[in-house]
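Trainee: Take a look at this one; I'll ask things after.
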Amino acid sequence: MFNFLINPNKFNKFADVIFKPLIVITSLTIIVGLLLVYLSPLDYQQGLTVKIMYIHVPSAWLALLTYAIMTIYSVIGLAFKTPFSFIINKAIAPIGAVFTILCLLSGSMWGKPMWGTWWVWDARLTSVAILLVIYVIIIFLNYTFESREVREKTIAIFILIGSINLPIIKFSVDWWNTLHQPASISKLSSPSIDISMLQPLLVMTVAFSLVGLIIAILRIKAEILMRKNYL
Amino acid sequence: MTLIKKILLFLKRESKLFYSNIVDLFSNILFFFLSIFVFVFSLGADQELLRTIGLGIIWSLLLLSSTLSLRKFYEDDFNNGVLTIIHMGGISYELIVFLKILSHFFFVQMPFLASIPIASLFFDLPVNEVYNLIFTFIIGSLILSCLSSISASMNLLNKTNFAIGSIVVLLFSIPVIIFSVGINNPDINVNSLINLLIGIALIFLGISPWSSAAFIKLALRNK
């Protein structure tokens with residue numbers, strides 16, 4: 001049933017089936033999400049700038065999610081030697097990098113009015129910046145080695161080593177005293193954010209992940225085509 | 001031949017190689033001192049300023065000079081086939097990597113230890129800071145050896161992009177720098193920082209034999 005997650009041919013077929021409905025759903029979700037963001041209440045302290053959250057938080061989550069997906073696929077690829085894992089690693093690394101850049105940029109635009117500075121050296125910000133560097137190194141490694149096997153496996157092992165950073169990012173706000181606030185939503189208890197702000201946030205998260213999914217499908221299909229031509 | 005004898009012979013070979021190549025190490029130490037001079041000249045010889053930032057400068061320059069001889073970690077043994085011969089002698093690649101890390105720690109990083117008190121003289125550091133620096137360097141340099149092993153084995157077949165090896169070492173050494181320099185912050189409990197450093201060292205001692213051996217096997221297959 002889930003063969004399309006490791007088999008390029010089945011992935012192509014599956015992607016062809018879902019692609020057009022996906023575009024429709026994505027545009028609907030974006031429109032609804034933007035409307036909800038427009039209608040969402042202003043914060044009593046932050047005013048209008050609270051709406052940066054609806055960009056900042058989804059892109060941060062997706063930056064982490066992209067890396068987690070790459071980690072899982074690296075494990076699968078190294079253990080079972082599935083070529084599709086390496087296709088995924090090559091295809092979605094730039095997407096994760098873009099989400100990380102988006103998160104950092106929106107965060108610094110949010111930090112300037114709220115904290116009074118574009119950048120502070122606190123644990124959360126630094127660890128996300130390190131995540132960006134790891135993504136950039138992965139992209140560079142894609143253009144470094146001559147032999148394709150060496151390139152792919154080196155990247156996979158490097159991704160596994162770099163995944164140490166993921167729990168550090170997640171728990172940095174709990175382990176250290178940071179200027180960045182701790183997580184409002186991902187606790188096991190009920191969320192510490194009001195429902196009127198939670199709804200647009202979740203819809204925007206879904207919209208962001210669908211956009212990321214569409215770009216990922218396009219990139220993966222292009223990568224499969226390229227490999228078919230070269231082999 | 002028992003395993004212990006093989007290990008001793010391996011370390012003996014490493015020490016011989018080290019003594020035949022000792023000028024390289026001295027050049028690294030010279031680089032370290034010269035970069036301290038460059039730093040001091042570019043900042044101006046303000047005694048107070050140098051005392052406050054001296055520890056951070058010494059740590060970052062130690063890090064930079066340890067990335068200088070990075071490519072020599074496995075390259076010679078890999079190119080003339082010694083790695084394969086040692087492996088055929090009955091030592092797994094993971095153990096080879098572990099022994100290499102240990103010998104790098106003893107023969108390359110420990111001589112730097114002798115240069116730290118002299119370097120801290122230039123910055124007029126207080127005595128307890130020098131003690132802390134030496135203590136954290138002993139743990140931190142073990143982590144640096146592990147990182148050098150990872151990045152050197154990663155770039156065995158890399159013929160074009162030489163900078164990426166140093167970038168990898170710098171990237172993963174950020175936690176080392178944070179906790180080693182933070183030891184002089186009076187608000188922070190020293191024991192917890194040292195425990196954290198030892199924890200990072202143990203994590204990398206666990207990761208690096210596996211990953212370096214995987215990189216080496218990969219490179220040997222595609223040589």
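Following the order of the structure tokens, first chain is A, next is B, and so on, with residues numbered from 1 inside each chain and ligands from 1 in the order they appear.
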Identify, on the basis of only C-alpha atoms, every residue whose closest approach to Asp194 in chain A does not exceed 12 Å; exclude the query and any residue fewer than 5 positions from it along the same chain; express the result as a list in words.

Mentor: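 Neighbouring residues, sequence-local ones excluded: Ser40, Pro41, Leu42, Asp43, Ser184, Ile185, Gln199, Pro200 and Leu201 of chain A.
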
Trainee: Would you mind listing what lies within 8 Å of range 13-22 of chain A as a list in words, with only C-alpha atoms counted and same-chain residues fewer than 4 positions away left out?

Mentor: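 The filter keeps Phe4, Asn9, Thr26, Leu210, Ile214 and Ile217 of chain A.
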
Trainee: Write out the residues from the selection above, keeping C-alpha atoms, as a compact mmCIF listing (two decimals), in the first residue's frame.

Mentor:
```
# COMPACT_ATOMS: atom_id res chain seq x y z
CA PHE A 4 4.92 4.59 -3.54
CA ASN A 9 7.64 4.14 -10.64
CA THR A 26 -3.58 23.82 -1.76
CA LEU A 210 0.97 21.32 0.95
CA ILE A 214 3.88 20.16 -4.40
CA ILE A 217 6.76 16.18 -5.96
```

Trainee: Quick one: which residues from chain A are at most 12 Å off chain B, using only C-alpha atoms, as a PDB file with N, CA, C and O atoms, in the first residue's frame?

Mentor:
```
ATOM      1  N   LEU A  78      20.416   3.681   3.711  1.00  0.00           N
ATOM      2  CA  LEU A  78      21.655   3.003   4.077  1.00  0.00           C
ATOM      3  C   LEU A  78      21.399   1.556   4.443  1.00  0.00           C
ATOM      4  O   LEU A  78      22.221   0.680   4.175  1.00  0.00           O
ATOM      5  N   TRP A 121      22.129  36.057  20.284  1.00  0.00           N
ATOM      6  CA  TRP A 121      22.814  34.766  20.262  1.00  0.00           C
ATOM      7  C   TRP A 121      22.196  33.875  21.314  1.00  0.00           C
ATOM      8  O   TRP A 121      22.860  33.491  22.267  1.00  0.00           O
ATOM      9  N   ASP A 122      20.917  33.557  21.158  1.00  0.00           N
ATOM     10  CA  ASP A 122      20.382  32.622  22.139  1.00  0.00           C
ATOM     11  C   ASP A 122      20.255  31.229  21.520  1.00  0.00           C
ATOM     12  O   ASP A 122      20.456  31.043  20.322  1.00  0.00           O
ATOM     13  N   ALA A 123      19.947  30.264  22.368  1.00  0.00           N
ATOM     14  CA  ALA A 123      20.142  28.868  21.948  1.00  0.00           C
ATOM     15  C   ALA A 123      19.254  28.500  20.768  1.00  0.00           C
ATOM     16  O   ALA A 123      19.697  27.824  19.836  1.00  0.00           O
ATOM     17  N   THR A 126      20.516  30.226  17.483  1.00  0.00           N
ATOM     18  CA  THR A 126      21.788  29.675  17.026  1.00  0.00           C
ATOM     19  C   THR A 126      21.617  28.275  16.454  1.00  0.00           C
ATOM     20  O   THR A 126      22.180  27.945  15.410  1.00  0.00           O
ATOM     21  N   SER A 127      20.785  27.458  17.141  1.00  0.00           N
ATOM     22  CA  SER A 127      20.656  26.083  16.646  1.00  0.00           C
ATOM     23  C   SER A 127      19.931  26.054  15.301  1.00  0.00           C
ATOM     24  O   SER A 127      20.252  25.224  14.443  1.00  0.00           O
ATOM     25  N   ALA A 129      20.180  28.451  13.074  1.00  0.00           N
ATOM     26  CA  ALA A 129      21.196  28.889  12.110  1.00  0.00           C
ATOM     27  C   ALA A 129      22.122  27.736  11.745  1.00  0.00           C
ATOM     28  O   ALA A 129      22.512  27.582  10.580  1.00  0.00           O
ATOM     29  N   ILE A 130      22.445  26.897  12.750  1.00  0.00           N
ATOM     30  CA  ILE A 130      23.278  25.719  12.463  1.00  0.00           C
ATOM     31  C   ILE A 130      22.547  24.774  11.523  1.00  0.00           C
ATOM     32  O   ILE A 130      23.144  24.179  10.618  1.00  0.00           O
ATOM     33  N   LEU A 131      21.219  24.657  11.719  1.00  0.00           N
ATOM     34  CA  LEU A 131      20.433  23.812  10.811  1.00  0.00           C
ATOM     35  C   LEU A 131      20.545  24.315   9.380  1.00  0.00           C
ATOM     36  O   LEU A 131      20.708  23.523   8.440  1.00  0.00           O
ATOM     37  N   LEU A 132      20.512  25.643   9.227  1.00  0.00           N
ATOM     38  CA  LEU A 132      20.655  26.210   7.878  1.00  0.00           C
ATOM     39  C   LEU A 132      22.014  25.859   7.284  1.00  0.00           C
ATOM     40  O   LEU A 132      22.120  25.479   6.114  1.00  0.00           O
ATOM     41  N   VAL A 133      23.076  25.953   8.125  1.00  0.00           N
ATOM     42  CA  VAL A 133      24.419  25.621   7.631  1.00  0.00           C
ATOM     43  C   VAL A 133      24.478  24.150   7.209  1.00  0.00           C
ATOM     44  O   VAL A 133      25.063  23.805   6.176  1.00  0.00           O
ATOM     45  N   ILE A 134      23.815  23.281   8.004  1.00  0.00           N
ATOM     46  CA  ILE A 134      23.822  21.857   7.653  1.00  0.00           C
ATOM     47  C   ILE A 134      23.130  21.638   6.311  1.00  0.00           C
ATOM     48  O   ILE A 134      23.620  20.900   5.453  1.00  0.00           O
ATOM     49  N   TYR A 135      21.978  22.318   6.124  1.00  0.00           N
ATOM     50  CA  TYR A 135      21.286  22.201   4.837  1.00  0.00           C
ATOM     51  C   TYR A 135      22.189  22.657   3.694  1.00  0.00           C
ATOM     52  O   TYR A 135      22.270  22.004   2.651  1.00  0.00           O
ATOM     53  N   VAL A 136      22.889  23.794   3.898  1.00  0.00           N
ATOM     54  CA  VAL A 136      23.742  24.324   2.828  1.00  0.00           C
ATOM     55  C   VAL A 136      24.879  23.348   2.523  1.00  0.00           C
ATOM     56  O   VAL A 136      25.208  23.115   1.356  1.00  0.00           O
ATOM     57  N   ILE A 137      25.443  22.735   3.588  1.00  0.00           N
ATOM     58  CA  ILE A 137      26.519  21.762   3.358  1.00  0.00           C
ATOM     59  C   ILE A 137      25.990  20.585   2.555  1.00  0.00           C
ATOM     60  O   ILE A 137      26.654  20.084   1.636  1.00  0.00           O
ATOM     61  N   ILE A 138      24.746  20.140   2.881  1.00  0.00           N
ATOM     62  CA  ILE A 138      24.177  19.014   2.134  1.00  0.00           C
ATOM     63  C   ILE A 138      24.033  19.388   0.658  1.00  0.00           C
ATOM     64  O   ILE A 138      24.360  18.595  -0.239  1.00  0.00           O
ATOM     65  N   ILE A 139      23.553  20.623   0.398  1.00  0.00           N
ATOM     66  CA  ILE A 139      23.395  21.044  -1.003  1.00  0.00           C
ATOM     67  C   ILE A 139      24.760  21.091  -1.691  1.00  0.00           C
ATOM     68  O   ILE A 139      24.905  20.671  -2.840  1.00  0.00           O
ATOM     69  N   PHE A 140      25.781  21.600  -0.974  1.00  0.00           N
ATOM     70  CA  PHE A 140      27.119  21.666  -1.572  1.00  0.00           C
ATOM     71  C   PHE A 140      27.657  20.278  -1.864  1.00  0.00           C
ATOM     72  O   PHE A 140      28.288  20.044  -2.892  1.00  0.00           O
ATOM     73  N   LEU A 141      27.425  19.345  -0.912  1.00  0.00           N
ATOM     74  CA  LEU A 141      27.947  17.985  -1.099  1.00  0.00           C
ATOM     75  C   LEU A 141      27.358  17.342  -2.350  1.00  0.00           C
ATOM     76  O   LEU A 141      27.978  16.477  -2.964  1.00  0.00           O
ATOM     77  N   ASN A 142      26.142  17.781  -2.729  1.00  0.00           N
ATOM     78  CA  ASN A 142      25.525  17.235  -3.932  1.00  0.00           C
ATOM     79  C   ASN A 142      26.330  17.542  -5.186  1.00  0.00           C
ATOM     80  O   ASN A 142      26.142  16.898  -6.208  1.00  0.00           O
ATOM     81  N   TYR A 143      27.193  18.574  -5.110  1.00  0.00           N
ATOM     82  CA  TYR A 143      27.964  18.962  -6.288  1.00  0.00           C
ATOM     83  C   TYR A 143      29.451  18.682  -6.111  1.00  0.00           C
ATOM     84  O   TYR A 143      30.273  19.250  -6.809  1.00  0.00           O
ATOM     85  N   THR A 144      29.803  17.822  -5.126  1.00  0.00           N
ATOM     86  CA  THR A 144      31.217  17.714  -4.788  1.00  0.00           C
ATOM     87  C   THR A 144      31.885  16.472  -5.372  1.00  0.00           C
ATOM     88  O   THR A 144      32.883  16.588  -6.055  1.00  0.00           O
ATOM     89  N   PHE A 145      31.334  15.302  -5.124  1.00  0.00           N
ATOM     90  CA  PHE A 145      32.071  14.081  -5.468  1.00  0.00           C
ATOM     91  C   PHE A 145      31.811  13.686  -6.913  1.00  0.00           C
ATOM     92  O   PHE A 145      30.782  14.016  -7.492  1.00  0.00           O
ATOM     93  N   GLU A 146      32.761  12.945  -7.471  1.00  0.00           N
ATOM     94  CA  GLU A 146      32.613  12.516  -8.861  1.00  0.00           C
ATOM     95  C   GLU A 146      31.679  11.318  -8.961  1.00  0.00           C
ATOM     96  O   GLU A 146      30.774  11.295  -9.781  1.00  0.00           O
ATOM     97  N   SER A 147      31.937  10.311  -8.113  1.00  0.00           N
ATOM     98  CA  SER A 147      31.128   9.095  -8.194  1.00  0.00           C
ATOM     99  C   SER A 147      29.785   9.312  -7.504  1.00  0.00           C
ATOM    100  O   SER A 147      29.716   9.887  -6.420  1.00  0.00           O
ATOM    101  N   ARG A 148      28.706   8.838  -8.152  1.00  0.00           N
ATOM    102  CA  ARG A 148      27.371   9.112  -7.617  1.00  0.00           C
ATOM    103  C   ARG A 148      27.113   8.351  -6.328  1.00  0.00           C
ATOM    104  O   ARG A 148      26.505   8.874  -5.405  1.00  0.00           O
ATOM    105  N   GLU A 149      27.618   7.106  -6.252  1.00  0.00           N
ATOM    106  CA  GLU A 149      27.374   6.311  -5.048  1.00  0.00           C
ATOM    107  C   GLU A 149      28.007   6.961  -3.829  1.00  0.00           C
ATOM    108  O   GLU A 149      27.391   7.069  -2.766  1.00  0.00           O
ATOM    109  N   VAL A 150      29.269   7.424  -4.013  1.00  0.00           N
ATOM    110  CA  VAL A 150      29.959   8.067  -2.895  1.00  0.00           C
ATOM    111  C   VAL A 150      29.183   9.292  -2.435  1.00  0.00           C
ATOM    112  O   VAL A 150      28.972   9.515  -1.239  1.00  0.00           O
ATOM    113  N   ARG A 151      28.725  10.083  -3.443  1.00  0.00           N
ATOM    114  CA  ARG A 151      28.009  11.317  -3.122  1.00  0.00           C
ATOM    115  C   ARG A 151      26.770  11.009  -2.282  1.00  0.00           C
ATOM    116  O   ARG A 151      26.576  11.566  -1.196  1.00  0.00           O
ATOM    117  N   GLU A 152      25.967  10.060  -2.796  1.00  0.00           N
ATOM    118  CA  GLU A 152      24.697   9.780  -2.120  1.00  0.00           C
ATOM    119  C   GLU A 152      24.917   9.266  -0.703  1.00  0.00           C
ATOM    120  O   GLU A 152      24.298   9.744   0.251  1.00  0.00           O
ATOM    121  N   LYS A 153      25.837   8.302  -0.551  1.00  0.00           N
ATOM    122  CA  LYS A 153      25.982   7.698   0.774  1.00  0.00           C
ATOM    123  C   LYS A 153      26.657   8.658   1.729  1.00  0.00           C
ATOM    124  O   LYS A 153      26.328   8.685   2.925  1.00  0.00           O
ATOM    125  N   THR A 154      27.619   9.459   1.207  1.00  0.00           N
ATOM    126  CA  THR A 154      28.232  10.454   2.077  1.00  0.00           C
ATOM    127  C   THR A 154      27.176  11.405   2.622  1.00  0.00           C
ATOM    128  O   THR A 154      27.150  11.709   3.814  1.00  0.00           O
ATOM    129  N   ILE A 155      26.284  11.854   1.730  1.00  0.00           N
ATOM    130  CA  ILE A 155      25.234  12.770   2.180  1.00  0.00           C
ATOM    131  C   ILE A 155      24.349  12.093   3.214  1.00  0.00           C
ATOM    132  O   ILE A 155      23.992  12.690   4.236  1.00  0.00           O
ATOM    133  N   ALA A 156      24.010  10.810   2.974  1.00  0.00           N
ATOM    134  CA  ALA A 156      23.122  10.122   3.914  1.00  0.00           C
ATOM    135  C   ALA A 156      23.765  10.008   5.291  1.00  0.00           C
ATOM    136  O   ALA A 156      23.116  10.275   6.313  1.00  0.00           O
ATOM    137  N   ILE A 157      25.067   9.644   5.320  1.00  0.00           N
ATOM    138  CA  ILE A 157      25.727   9.522   6.625  1.00  0.00           C
ATOM    139  C   ILE A 157      25.843  10.888   7.286  1.00  0.00           C
ATOM    140  O   ILE A 157      25.636  11.034   8.492  1.00  0.00           O
ATOM    141  N   PHE A 158      26.130  11.905   6.452  1.00  0.00           N
ATOM    142  CA  PHE A 158      26.237  13.256   7.020  1.00  0.00           C
ATOM    143  C   PHE A 158      24.901  13.712   7.603  1.00  0.00           C
ATOM    144  O   PHE A 158      24.858  14.354   8.654  1.00  0.00           O
ATOM    145  N   ILE A 159      23.803  13.368   6.926  1.00  0.00           N
ATOM    146  CA  ILE A 159      22.481  13.735   7.453  1.00  0.00           C
ATOM    147  C   ILE A 159      22.255  13.073   8.797  1.00  0.00           C
ATOM    148  O   ILE A 159      21.758  13.689   9.742  1.00  0.00           O
ATOM    149  N   LEU A 160      22.665  11.789   8.908  1.00  0.00           N
ATOM    150  CA  LEU A 160      22.487  11.093  10.184  1.00  0.00           C
ATOM    151  C   LEU A 160      23.290  11.767  11.291  1.00  0.00           C
ATOM    152  O   LEU A 160      22.803  11.916  12.414  1.00  0.00           O
ATOM    153  N   ILE A 161      24.541  12.176  10.970  1.00  0.00           N
ATOM    154  CA  ILE A 161      25.339  12.839  12.006  1.00  0.00           C
ATOM    155  C   ILE A 161      24.689  14.171  12.383  1.00  0.00           C
ATOM    156  O   ILE A 161      24.609  14.535  13.548  1.00  0.00           O
ATOM    157  N   GLY A 162      24.207  14.912  11.350  1.00  0.00           N
ATOM    158  CA  GLY A 162      23.640  16.223  11.615  1.00  0.00           C
ATOM    159  C   GLY A 162      22.317  16.174  12.341  1.00  0.00           C
ATOM    160  O   GLY A 162      21.875  17.188  12.887  1.00  0.00           O
ATOM    161  N   SER A 163      21.669  15.004  12.381  1.00  0.00           N
ATOM    162  CA  SER A 163      20.366  14.937  13.033  1.00  0.00           C
ATOM    163  C   SER A 163      20.480  15.078  14.544  1.00  0.00           C
ATOM    164  O   SER A 163      19.454  15.189  15.217  1.00  0.00           O
ATOM    165  N   ILE A 164      21.728  15.091  15.080  1.00  0.00           N
ATOM    166  CA  ILE A 164      21.890  15.415  16.505  1.00  0.00           C
ATOM    167  C   ILE A 164      21.274  16.773  16.806  1.00  0.00           C
ATOM    168  O   ILE A 164      20.775  17.032  17.891  1.00  0.00           O
ATOM    169  N   ASN A 165      21.292  17.644  15.796  1.00  0.00           N
ATOM    170  CA  ASN A 165      20.843  19.020  15.998  1.00  0.00           C
ATOM    171  C   ASN A 165      19.340  19.110  16.224  1.00  0.00           C
ATOM    172  O   ASN A 165      18.870  20.057  16.845  1.00  0.00           O
ATOM    173  N   ILE A 168      18.224  19.153  19.785  1.00  0.00           N
ATOM    174  CA  ILE A 168      18.764  20.372  20.403  1.00  0.00           C
ATOM    175  C   ILE A 168      17.871  21.563  20.069  1.00  0.00           C
ATOM    176  O   ILE A 168      17.549  22.383  20.924  1.00  0.00           O
ATOM    177  N   TRP A 176      17.759  25.845  28.096  1.00  0.00           N
ATOM    178  CA  TRP A 176      18.464  27.072  28.422  1.00  0.00           C
ATOM    179  C   TRP A 176      17.455  28.192  28.672  1.00  0.00           C
ATOM    180  O   TRP A 176      16.309  28.088  28.245  1.00  0.00           O
TER     181      TRP A 176
END
```

Trainee: Find the spatial neighbours of Leu197 in chain B, counting only C-alpha atoms, within a cut-off of 12 Å - ignore same-chain residues fewer than 5 positions away - and output them as a list in words.

Mentor: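 Answer for this query is Phe135, Thr136, Phe137, Ile138, Ile139, Gly140, Ser141, Leu142, Ile143, Leu144, Ser173, Ile174, Pro175, Val176, Ile177, Ile178, Phe179, Ser180, Val181, Gly182, Ile183, Val190, Asn191, Ser192, Leu202, Ile203 and Phe204 of chain B.
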
Trainee: Since we have the selection now, will you write its residues out, keeping N, CA, C and O atoms, as a CSV table (one decimal), in the first residue's frame?

Mentor:
```csv
chain,number,residue,atom,x,y,z
B,135,PHE,N,42.0,22.3,31.4
B,135,PHE,CA,41.1,21.1,31.7
B,135,PHE,C,40.1,20.9,30.6
B,135,PHE,O,39.9,19.8,30.1
B,136,THR,N,39.5,22.1,30.1
B,136,THR,CA,38.5,21.9,29.0
B,136,THR,C,39.2,21.5,27.7
B,136,THR,O,38.6,20.8,26.9
B,137,PHE,N,40.4,21.9,27.6
B,137,PHE,CA,41.1,21.6,26.3
B,137,PHE,C,41.4,20.1,26.2
B,137,PHE,O,41.3,19.5,25.1
B,138,ILE,N,41.7,19.5,27.4
B,138,ILE,CA,41.9,18.0,27.4
B,138,ILE,C,40.7,17.3,26.9
B,138,ILE,O,40.8,16.3,26.1
B,139,ILE,N,39.5,17.7,27.4
B,139,ILE,CA,38.3,17.0,26.9
B,139,ILE,C,37.9,17.4,25.5
B,139,ILE,O,37.6,16.6,24.7
B,140,GLY,N,38.0,18.8,25.3
B,140,GLY,CA,37.6,19.3,24.0
B,140,GLY,C,38.4,18.8,22.8
B,140,GLY,O,37.9,18.6,21.7
B,141,SER,N,39.7,18.6,23.1
B,141,SER,CA,40.6,18.2,22.0
B,141,SER,C,40.2,16.7,21.6
B,141,SER,O,40.4,16.3,20.4
B,142,LEU,N,39.7,15.9,22.6
B,142,LEU,CA,39.3,14.6,22.2
B,142,LEU,C,38.1,14.7,21.2
B,142,LEU,O,38.1,14.0,20.2
B,143,ILE,N,37.2,15.6,21.5
B,143,ILE,CA,36.1,15.8,20.6
B,143,ILE,C,36.6,16.3,19.2
B,143,ILE,O,36.1,15.8,18.2
B,144,LEU,N,37.6,17.2,19.3
B,144,LEU,CA,38.1,17.7,18.0
B,144,LEU,C,38.8,16.6,17.2
B,144,LEU,O,38.6,16.6,16.0
B,173,SER,N,31.9,21.8,16.0
B,173,SER,CA,32.7,22.1,17.2
B,173,SER,C,32.0,23.3,18.0
B,173,SER,O,32.6,23.7,19.0
B,174,ILE,N,30.9,23.8,17.4
B,174,ILE,CA,30.3,25.0,18.1
B,174,ILE,C,29.9,24.6,19.5
B,174,ILE,O,30.2,25.4,20.4
B,175,PRO,N,29.2,23.5,19.8
B,175,PRO,CA,28.9,23.2,21.2
B,175,PRO,C,30.2,23.1,22.1
B,175,PRO,O,30.1,23.5,23.3
B,176,VAL,N,31.3,22.6,21.5
B,176,VAL,CA,32.5,22.5,22.3
B,176,VAL,C,32.9,23.9,22.8
B,176,VAL,O,33.2,24.1,23.9
B,177,ILE,N,32.9,24.8,21.8
B,177,ILE,CA,33.3,26.2,22.1
B,177,ILE,C,32.4,26.8,23.1
B,177,ILE,O,32.9,27.4,24.1
B,178,ILE,N,31.1,26.6,22.9
B,178,ILE,CA,30.1,27.2,23.9
B,178,ILE,C,30.4,26.8,25.3
B,178,ILE,O,30.5,27.6,26.2
B,179,PHE,N,30.5,25.4,25.5
B,179,PHE,CA,30.7,25.0,26.9
B,179,PHE,C,32.1,25.2,27.4
B,179,PHE,O,32.2,25.4,28.6
B,180,SER,N,33.1,25.2,26.5
B,180,SER,CA,34.4,25.4,27.1
B,180,SER,C,34.7,26.8,27.5
B,180,SER,O,35.3,27.1,28.5
B,181,VAL,N,34.2,27.8,26.7
B,181,VAL,CA,34.4,29.2,27.1
B,181,VAL,C,33.5,29.6,28.2
B,181,VAL,O,33.8,30.4,29.0
B,182,GLY,N,32.3,28.9,28.2
B,182,GLY,CA,31.3,29.3,29.2
B,182,GLY,C,31.7,28.9,30.6
B,182,GLY,O,31.1,29.3,31.6
B,183,ILE,N,32.8,28.1,30.8
B,183,ILE,CA,33.3,27.7,32.1
B,183,ILE,C,33.7,28.8,33.0
B,183,ILE,O,33.7,28.7,34.2
B,190,VAL,N,30.3,24.9,37.4
B,190,VAL,CA,31.4,24.4,36.6
B,190,VAL,C,31.2,22.9,36.4
B,190,VAL,O,31.4,22.4,35.3
B,191,ASN,N,30.8,22.2,37.4
B,191,ASN,CA,30.6,20.7,37.3
B,191,ASN,C,29.7,20.3,36.2
B,191,ASN,O,29.9,19.4,35.4
B,192,SER,N,28.6,21.1,36.1
B,192,SER,CA,27.6,20.7,35.1
B,192,SER,C,28.1,20.9,33.7
B,192,SER,O,27.9,20.1,32.8
B,202,LEU,N,31.6,11.7,24.8
B,202,LEU,CA,31.2,10.3,24.7
B,202,LEU,C,30.3,10.1,23.5
B,202,LEU,O,30.5,9.0,22.8
B,203,ILE,N,29.4,11.0,23.2
B,203,ILE,CA,28.6,10.9,22.0
B,203,ILE,C,29.4,10.8,20.8
B,203,ILE,O,29.3,9.9,19.9
B,204,PHE,N,30.4,11.7,20.6
B,204,PHE,CA,31.2,11.7,19.4
B,204,PHE,C,32.1,10.5,19.4
B,204,PHE,O,32.4,10.0,18.3
```

Trainee: Can you pull out the residues contacting Glu14 in chain B? Cut-off 9 Å, using only C-alpha atoms, and skip same-chain residues under 6 positions away; I want them as number ranges by chain.

Mentor: B: 100, 103-104, 107

Trainee: Could you check which of B:Ser120, B:Ser166, B:Ser92, B:Asn185 is closest to Gly54 in chain B, using only C-alpha atoms?

Mentor: B:Ser120

Trainee: Give me the residues within 12 Å of Ile86 in chain B as a compact mmCIF listing (two decimals) with C-alpha atoms, in the first residue's frame, counting only C-alpha atoms and dropping any in the same chain fewer than 4 places off.

Mentor:
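Contents of selection34.txt, freshly written:
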```txt
# COMPACT_ATOMS: atom_id res chain seq x y z
CA LYS B 6 48.28 -5.72 17.03
CA ILE B 7 46.94 -2.58 18.69
CA LEU B 9 52.07 -2.35 16.99
CA PHE B 10 49.59 0.04 15.35
CA ARG B 13 53.70 2.70 13.88
CA ASP B 77 47.31 5.52 4.54
CA PHE B 78 44.39 5.49 2.13
CA ASN B 80 49.26 3.81 -0.37
CA GLY B 81 46.89 1.03 0.70
CA VAL B 82 48.00 0.69 4.31
CA GLY B 90 42.50 -8.56 11.42
CA ILE B 91 41.59 -5.14 12.77
CA SER B 92 38.14 -3.86 11.83
CA TYR B 93 37.85 -0.41 10.28
CA GLU B 94 35.97 0.83 13.35
CA LEU B 95 38.87 -0.15 15.58
CA ILE B 96 41.35 1.43 13.16
CA VAL B 97 39.39 4.67 13.36
CA LEU B 99 43.02 3.92 17.37
```

Trainee: Find the residues around range 82-85 of chain A up to 10 Å (only C-alpha atoms counted), leave out those fewer than 3 positions away in its own chain, and share them as a list of chain:residue names.

Mentor: A:Phe4, A:Leu5, A:Ile6, A:Asn7, A:Pro8, A:Asn9, A:Phe11, A:Ile69, A:Met70, A:Thr71, A:Ile72, A:Tyr73, A:Ser74, A:Val75, A:Ile76, A:Gly77, A:Leu78, A:Ala79, A:Ile88, A:Asn89, A:Lys90, A:Ala91, A:Glu149, A:Glu152, A:Ala156, A:Ile220, A:Glu223, A:Ile224
